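J.: There's a structure below that I have some questions on.
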Amino acid sequence: MESSIENTEEASALAEAVESNKFKTTGDIAFYRRQKKLLPGNSPYHALLDTLELSDCGATLQLLNEDNKVSLFVELFALEDHVIRIKVNELKPMKPRYEVPDVILNEPLTQRLSIVSKDGLSVTLATVDGCSQILIIAKPFRMDIRNQGEISISVNSLGFLYFEHLRKKSQDEVNTRGSLLESKRKRDTETQQESEEDLGLWKEQFHEFIDTKTNGPQAFPPLFALGHHQCRYSYKDENDIKQVDAGFDVNDIPYDAIWLDIDHTEGKRYFTWDRTKFPSPREMQEHLRAKDRKLVVISDPHIKVDKKYPFYCEAKSKNYFVMDKNGEVYQGSCWPGVSAYLDFTNPIVRNWYANKHRLDQYEDSTDILFMWNDMNEPTVFDGPELTMHKQALHTGGWEHREVHNLYGFYQQWATAEGLIRRSGGIERPFVLTRSFFAGSQRYGAVWTGDNVAEWSYLKISIPMLLNLSITGISFCGADVGGFVQNPEPELLVRWYQAAAYQPFFRNHSHTETERREPWLFGEDNTRIIRETIRERYALLPFWYTLFYMAHIKAEPIIRPLWVEFPEEVNTFAVDDEYMIGEALLIHPVSEAGVTEVNVFLPGMGELWYHLRTLQRFDGEQTLRVSVTLDSVPVYQRGGTIIPRKTQVLRSTKAMEMVSYILYVALNFENSAKGKLFLDDGHSFNYQSKNQFLLRRFSFKDNTFSAVCSDERGQYCTDCVVERVLVMGAVRPTCVTAHCPGGQANPVYFTYNVKKSLLNIEGLQFNLGCDWTLKLHY
């Protein structure tokens with residue numbers, strides 16, 4: 001009862017703070033006000049073309065701000081894959097600007113640039129391979145980057161470039177309150193001073209908070225992580241965990257991990273257990289292990305200020321916390337009350353924190369326990385922007401304003417490293433984070449944060465996740481059903497149907513909401529949710545292969561339609577449907593009471609097959625599709641092959657030896673292709689020992705073939721392909737199977753004339769072996 005009251009009070013305090021205007025709005029932020037003063041087409045910058053210099057790695061030139069006469073230094077780098085990198089700094093900065101470390105593992109390879117044309121108004125540079133060109137226009141400054149003759153991006157075409165330079169405070173302002181200056185001089189500078197104060201160049205004040213500006217303006221995930229996750233803030237005790245776990249079995253619904261929020265700890269002290277609620281955490285984890293399931297627990301960056309808390313005391317004694325501007329430990333309010341914040345920008349702190357995840361450091365943890373980093377923007381309840389004061393100091397003397405966006409990135413890095421060390425570098429980690437930065441994809445998953453059980457939040461989650469995916473954060477998702485408020489059953493069902501086709505799949509809810517386990521909404525809704533989750537598990541071989549390709553080639557897992565169909569302009573604005581890899585198209589239902597939706601099938605000359613009915617449709621058309629509560633439009637693209645499991649069991653590990661079925665969707669050329677990745681699903685052995693299989697499937701000239709796609713990989717498995725389903729096929733007279741060195745043998749098949757569906761079954765082809773199927777006519 002105490003925890004519930006405490007959580008209610010915290011939530012009420014936050015709500016009251018928002019209502020009473022204790023937190024900043026955009027209008028209270030000086031940087032925002034300064035940007036609002038910019039007018040399009042009125043850029044003060046012009047490029048000094050006579051300063052252009054070429055080198056082996058790129059080019060440099062200067063820009064001049066004609067309003068304040070500040071010169072900027074521009075560096076251009078031509079990278080691999082037609083990427084142009086642009087860096088801008090002051091030509092002569094007062095002090096070094098913070099440049100983000102650690103995000104790029106190795107400096108990318110560059111190529112030379114050469115001048116192909118130049119006059120007094122512009123200059124054109126080109127890469128050695130001739131594929132990319134950079135047009136630099138002098139006045140006003142503009143830069144057009146072309147690839148293969150087409151503009152990829154135009155820099156400052158609207159005149160909005162605005163670079164805030166470092167500056168010294170005018171002596172007049174320094175002495176305004178301490179010296180008597182002649183009245184004329186004071187009047188002359190008064191307007192400028194008031195303008196700078198209003199724009200917040202040197203100081204911002206919001207209520208009692210004063211910000212003084214001293215310097216002026218998947219990783220490749222383990223397989224279980226792709227399964228279904230069940231979370232709540234919070235499951236109340238060990239018995240609750242075991243009952244929920246049993247509920248999934250009773251209702252025949254698969255899941256892979258159950259999650260514990262802050263109330264599993266002793267007074268919100270991370271890396272501890274509340275021994276009243278969780279007296280036997282190790283036994284609880286072993287109970288889950290016996291079911292082939294995992295436990296995920298929360299660990300936030302704020303540390304309770306408590307002299308009896310060893311974790312806090314050790315960190316304080318080693319000066320591992322962020323400091324305030326006066327050199328004292330920075331303190332703010334968060335879930336534990338008064339809290340200090342670990343300085344994750346310091347590699348020494350990250351090393352120490354990583355070691356805290358070792359089994360001999362984290363009491364009663366086991367190797368099936370994984371981590372969730374929340375509140376790591378970092379959240380500070382009593383800060384004017386709900387985060388750390390910008391003047392707080394990190395290692396190296398950098399202010400928090402310089403590293404704010406990196407803070408959560410560094411915590412997730414340290415956490416992932418801790419889980420890797422825990423296994424001696426053998427096991428792949430899983431870490432979910434709320435705050436992230438470029439490079440966070442190397443350390444785990446990201447979710448969109450606290451959402452609301454409303455249809456609008458389901459709808460907006462789709463473009464949000466697409467944006468994350470195409471910017472490199474492929475392992476992403478949104479809380480199913482909405483974190484706060486209670487979803488109506490229809491909304492919950494539709495959210496499950498959407499999330500089952502998104503990379504990270506987790507049900508999560510607030511402590512003050514009604515319980516939301518999927519069997520609590522009536523028999524019909526339970527059946528639909530069960531079928532939806534089971535479809536996710538059947539498709540896990542497809543998902544896992546996509547994650548491997550994202551890992552080695554940075555290919556986005558879910559993609560806007562225009563990624564696959566860049567020539568079709570009418571795909572550019574579509575954000576209510578998307579591709580999964582290159583093979584599946586899904587249109588989630590995101591509005592209440594819908595009985596029909598418009599589904600756009602892109603691609604002139606493309607074929608699409610409805611995944612449930614297997615009905616075939618031509619591309620480049622919009623279908624008016626009828627939907628019921630238990631249906632959502634999903635289509636397989638002609639020309640693709642999707643691997644699936646033939647049976648769904650209670651978890652990913654339980655399904656290891658389940659056989660495969662290959663869904664072959666033929667295009668107009670009667671061909672198709674696809675891949676399947678397989679390894680042990682949890683270790684780095686695929687990388688360190690080449691223990692993996694990457695299989696390539698193809699159908700062409702009435703022959704289906706399965707061959708090795710990466711000769712480096714070797715992995716022993718007893719798993720087999722049991723069925724091949726060919727959509728769009730003509731009925732053969734017979735089908736024969738061929739293995740290297742063996743004789744051709746006829747195999748059993750059936751054919752559905754109405755659906756043009758060929759079903760070849762009774763196969764027993766080992767996944768690691770090459771084989772072919774030939775259709776005879």
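Convention: chains lettered A, B, ... in structure tokens order; per-chain residue numbering from 1; ligands numbered from 1 as shown.
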Can you pull out every residue within 7 Å of segment 263-280 of chain A, counting only C-alpha atoms, but drop anything in the same chain fewer than 3 positions away, and send it as a PyMOL selection string?

T.: chain A and resi 234+236-238+260+283-284+299+303-304+335-336+362

J.: At what distance in Å, to one decimal, does atom CA of Lys316 of chain A lie from atom CA of His400 of chain A?

T.: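 It comes out at 18.8 Å.
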
J.: Do a neighbour search on His389 of chain A at 9 Å with only C-alpha atoms, toss out local chain neighbours closer than 2 positions, and write the hits as a list in words.

T.: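 Selected residues are Phe209, Asp211, Asp324, Tyr330, Val380, Gly383, Pro384, Glu385, Thr387, Gln391, Ala392, His400 and Arg401 of chain A.
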
J.: DSSP on the backbone: which residues in segment 221-337 of chain A end up as helix (DSSP H, G or I)? Give the answer as a PyMOL selection string.

T.: chain A and resi 223-226+238-250+262-264+281-290+310-317

J.: Take the residues just selected and output them with C-alpha atoms as a short mmCIF file (atom, residue, chain, number, x, y, z; two decimals), in the first residue's frame.

T.:
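Contents of the output file selection-v7.cif:
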data_model
loop_
_atom_site.label_atom_id
_atom_site.label_comp_id
_atom_site.auth_asym_id
_atom_site.auth_seq_id
_atom_site.Cartn_x
_atom_site.Cartn_y
_atom_site.Cartn_z
CA LEU A 223 16.70 -14.08 -30.48
CA PHE A 224 14.53 -13.87 -27.36
CA ALA A 225 14.57 -10.07 -27.61
CA LEU A 226 12.52 -10.31 -30.83
CA GLU A 238 7.20 -12.95 -6.81
CA ASN A 239 3.79 -14.58 -6.61
CA ASP A 240 2.40 -12.02 -9.06
CA ILE A 241 5.22 -12.79 -11.49
CA LYS A 242 4.58 -16.54 -11.30
CA GLN A 243 0.83 -16.11 -11.75
CA VAL A 244 1.26 -13.93 -14.84
CA ASP A 245 3.80 -16.38 -16.24
CA ALA A 246 1.38 -19.26 -15.69
CA GLY A 247 -1.42 -17.26 -17.29
CA PHE A 248 0.41 -17.20 -20.60
CA ASP A 249 0.74 -20.99 -20.53
CA VAL A 250 -2.88 -21.56 -19.56
CA ILE A 262 11.37 0.26 -9.95
CA ASP A 263 9.29 -1.27 -7.16
CA HIS A 264 11.28 -4.51 -7.27
CA PRO A 281 14.85 -13.52 -6.66
CA ARG A 282 17.27 -16.23 -7.76
CA GLU A 283 14.64 -18.95 -7.37
CA MET A 284 12.18 -16.78 -9.30
CA GLN A 285 14.64 -16.47 -12.18
CA GLU A 286 15.27 -20.21 -12.20
CA HIS A 287 11.51 -20.72 -12.38
CA LEU A 288 11.47 -18.58 -15.54
CA ARG A 289 14.55 -20.34 -16.93
CA ALA A 290 12.75 -23.67 -16.66
CA PRO A 310 26.86 1.18 -0.62
CA PHE A 311 26.44 1.90 -4.33
CA TYR A 312 25.95 5.61 -3.64
CA CYS A 313 28.73 5.78 -1.08
CA GLU A 314 31.28 4.15 -3.37
CA ALA A 315 30.38 6.38 -6.32
CA LYS A 316 30.55 9.52 -4.16
CA SER A 317 33.90 8.58 -2.64
#
